[in-house]
Amino acid sequence: MSTIDSLPIRDELRGKSPYGAPQLDVPVRLNTNENPYPLPEELVARIGERVTEAARHLNRYPDRDAVELRTELARYLSRTAGHTVGAENVWAANGSNEVIQQLLQTFGGPGRTAIGFEPSYSMHGLISRGTGTGWISGPRNEDFTIDVEAAVRAIAEHRPDVVFVCSPNNPTGTAVDEATVLALYEAAQAARPEHGALVVVDEAYGEFSHHPSLLPLIEGRPTLVLSRTMSKAFGAAGLRLGYLAADPAVVDAVQLVRLPYHLSAVTQATALAALEHTDTLLGYVEQLKSERDRLVTELRAIGCDVTASDANFVQFGRFADAHEAWAALLAHGVLVRDNGVPGWLRVSTGTPEENDAFLEAVRAVTKDLK
Ligand code: PMP
């Protein structure tokens, strides 16, 4: 029997583990920051119509440039994110993970580096590795905000080609303010005077924030990119649709690495149907935001430490052994996420009933574990 290590894989992949949030069949699954609400029936029917129409043309390749979809995504951002953009500013791919991969294939790669401020979204590091980009783990403050001075120093020292800023940050829920992003952008440009460095603001959870989107910052900053997804606010994790907004030159640049026809006609049709129902879906976001705020309040009332959250999830603790607490909650039928942040766990906001079940389980297990 072969093992991975007996194969001629790239050296930097040896001994590494793949991304792997457990997909367990338990009553309450609050571990992958999905939206707990299924798509509304009218939207399901509209997807049926749009996909049926697309199916009539599946003998042909899809629109390679996804122009109609990018136009509608631009319209959505212009309406909701405080800055007017057009299709030329927007690029879409199969989940924001693929957007990030395309950015790293274009702006990172062998001999280049990317930096992120950890704990943060683990895929920034994993996709860096997958694209041959060196990964630099930058610091955060004790309260999980970005330590601006230390971050600026790290950028000056390492001169990375790509800087990741996750806001709201996964897994901590922490939003990053405009001044911090601007300081990091300036530092990144100063460290790389020839062409600048790419700053990727990952706003996968942007719609859930108490603060406005950082989208307006792309204006006049040709290497600042905002990354978004339909997996969370649009309740469409199964769709696999992520997108970016940036200077049109960035959109032209990622096309150097994208696979031809990467976004299937079925994906484009489904995403367009979902965008027709934006207002209904954003109504669910409002419900989730108030449930998220309730989780924060009630967890604090139970006596947990809770990191202020601008996302659809909440980081809570502190446990002497977070993994033991994770297992105890699982024994109560509630799956949360152990992101490996010592002392802390992360719970995604569910329906009010799921959140009640989670809070009940926390009450039961904290007595023994804290
Ligand atoms: N960025 C962040 C911060 C995330 O948490 C996630 C999903 N967990 C993604 C990007 C990727 O999302 P998707 O590929 O589903 O768009």
# chains A, B, ... in the order shown; residues from 1 in each chain; ligands from 1
>>> residues_around(residues="region 93-96 of chain A", least_positions_apart="3", cutoff="10 Å", atoms="only C-alpha atoms", output="PyMOL selection string")
chain A and resi 66+99-102+202-204+227-231+237-244+258+262-264+267-268
>>> select_by_dssp(residues="region 75-261 of chain A", states="alpha helix (DSSP H)", output="JSON, numbers by chain")
{"A": [75, 76, 77, 78, 79, 80, 95, 96, 97, 98, 99, 100, 101, 102, 103, 104, 105, 106, 107, 122, 123, 124, 125, 126, 127, 128, 129, 130, 148, 149, 150, 151, 152, 153, 154, 155, 156, 157, 158, 178, 179, 180, 181, 182, 183, 184, 185, 186, 187, 188, 189, 190, 191, 248, 249, 250, 251, 252, 253, 254]}
>>> write_last_selection(atoms="C-alpha atoms", output="PDB file, in the first residue's frame")
ATOM      1  CA  ARG A  75     -24.896  46.287  -8.777  1.00  0.00           C
ATOM      2  CA  TYR A  76     -25.283  44.464  -5.451  1.00  0.00           C
ATOM      3  CA  LEU A  77     -22.023  45.904  -4.074  1.00  0.00           C
ATOM      4  CA  SER A  78     -22.851  49.399  -5.307  1.00  0.00           C
ATOM      5  CA  ARG A  79     -26.224  49.234  -3.550  1.00  0.00           C
ATOM      6  CA  THR A  80     -25.044  47.743  -0.245  1.00  0.00           C
ATOM      7  CA  GLY A  95     -16.031  30.263  -3.898  1.00  0.00           C
ATOM      8  CA  SER A  96     -13.814  32.967  -2.484  1.00  0.00           C
ATOM      9  CA  ASN A  97     -11.262  30.221  -1.870  1.00  0.00           C
ATOM     10  CA  GLU A  98     -10.805  30.042  -5.645  1.00  0.00           C
ATOM     11  CA  VAL A  99     -10.676  33.847  -5.836  1.00  0.00           C
ATOM     12  CA  ILE A 100      -7.859  33.758  -3.266  1.00  0.00           C
ATOM     13  CA  GLN A 101      -6.125  30.953  -5.150  1.00  0.00           C
ATOM     14  CA  GLN A 102      -6.252  32.931  -8.389  1.00  0.00           C
ATOM     15  CA  LEU A 103      -4.883  36.013  -6.607  1.00  0.00           C
ATOM     16  CA  LEU A 104      -1.994  33.987  -5.177  1.00  0.00           C
ATOM     17  CA  GLN A 105      -1.292  32.345  -8.538  1.00  0.00           C
ATOM     18  CA  THR A 106      -1.105  35.812 -10.054  1.00  0.00           C
ATOM     19  CA  PHE A 107       0.619  37.832  -7.316  1.00  0.00           C
ATOM     20  CA  SER A 122      -6.344  29.031   7.884  1.00  0.00           C
ATOM     21  CA  MET A 123      -6.890  28.756   4.125  1.00  0.00           C
ATOM     22  CA  HIS A 124      -4.900  31.935   3.493  1.00  0.00           C
ATOM     23  CA  GLY A 125      -1.816  30.002   4.610  1.00  0.00           C
ATOM     24  CA  LEU A 126      -2.893  26.718   3.024  1.00  0.00           C
ATOM     25  CA  ILE A 127      -3.628  28.247  -0.390  1.00  0.00           C
ATOM     26  CA  SER A 128      -0.333  30.110  -0.175  1.00  0.00           C
ATOM     27  CA  ARG A 129       1.424  26.797   0.323  1.00  0.00           C
ATOM     28  CA  GLY A 130      -0.597  25.171  -2.477  1.00  0.00           C
ATOM     29  CA  VAL A 148      -0.720  47.779  13.852  1.00  0.00           C
ATOM     30  CA  GLU A 149       2.818  48.699  14.882  1.00  0.00           C
ATOM     31  CA  ALA A 150       3.981  45.084  14.951  1.00  0.00           C
ATOM     32  CA  ALA A 151       2.193  44.367  11.655  1.00  0.00           C
ATOM     33  CA  VAL A 152       3.802  47.360   9.939  1.00  0.00           C
ATOM     34  CA  ARG A 153       7.187  46.246  11.285  1.00  0.00           C
ATOM     35  CA  ALA A 154       6.638  42.689  10.010  1.00  0.00           C
ATOM     36  CA  ILE A 155       5.711  44.008   6.557  1.00  0.00           C
ATOM     37  CA  ALA A 156       8.820  46.233   6.451  1.00  0.00           C
ATOM     38  CA  GLU A 157      11.009  43.315   7.547  1.00  0.00           C
ATOM     39  CA  HIS A 158       9.634  40.550   5.303  1.00  0.00           C
ATOM     40  CA  GLU A 178     -10.230  51.555   7.978  1.00  0.00           C
ATOM     41  CA  ALA A 179      -7.187  53.200   9.595  1.00  0.00           C
ATOM     42  CA  THR A 180      -5.563  49.799  10.172  1.00  0.00           C
ATOM     43  CA  VAL A 181      -6.114  48.670   6.574  1.00  0.00           C
ATOM     44  CA  LEU A 182      -4.693  51.980   5.323  1.00  0.00           C
ATOM     45  CA  ALA A 183      -1.627  51.664   7.577  1.00  0.00           C
ATOM     46  CA  LEU A 184      -0.980  48.132   6.293  1.00  0.00           C
ATOM     47  CA  TYR A 185      -1.527  49.216   2.694  1.00  0.00           C
ATOM     48  CA  GLU A 186       0.934  52.104   3.066  1.00  0.00           C
ATOM     49  CA  ALA A 187       3.488  49.803   4.720  1.00  0.00           C
ATOM     50  CA  ALA A 188       3.069  47.222   1.946  1.00  0.00           C
ATOM     51  CA  GLN A 189       3.557  49.837  -0.783  1.00  0.00           C
ATOM     52  CA  ALA A 190       6.602  51.310   0.996  1.00  0.00           C
ATOM     53  CA  ALA A 191       8.172  47.851   1.365  1.00  0.00           C
ATOM     54  CA  PRO A 248      -9.961  46.732 -13.388  1.00  0.00           C
ATOM     55  CA  ALA A 249      -6.255  45.923 -13.908  1.00  0.00           C
ATOM     56  CA  VAL A 250      -6.468  43.298 -11.121  1.00  0.00           C
ATOM     57  CA  VAL A 251      -9.484  41.753 -12.878  1.00  0.00           C
ATOM     58  CA  ASP A 252      -7.453  41.608 -16.098  1.00  0.00           C
ATOM     59  CA  ALA A 253      -4.480  40.130 -14.231  1.00  0.00           C
ATOM     60  CA  VAL A 254      -6.318  37.171 -12.629  1.00  0.00           C
TER      61      VAL A 254
END
>>> atom_distance(atom1="CA of Ala320 (chain A)", atom2="CA of Leu345 (chain A)")
11.5 Å
>>> atom_distance(atom1="CA of Ala114 (chain A)", atom2="CA of Tyr205 (chain A)")
21.5 Å
>>> closest_residue(among="A:Pro160, A:Gly111, A:Pro8, A:Gly235", to="ligand 1", atoms="only C-alpha atoms and all ligand atoms")
A:Gly235
>>> residues_around(residues="region 330-343 of chain A", least_positions_apart="2", cutoff="8 Å", atoms="only C-alpha atoms", output="list in words")
Ala21, Leu24, Val26, Pro27, Val28, Arg29, Leu30, Asn31, Thr32, Pro119, Pro171, Gly317, Arg318, Phe319, Ala320, Asp321, Ala322, His323, Trp326, Ala327, Ala328, Leu345, Arg346, Val347, Ser348, Ala357, Phe358 and Ala361 of chain A
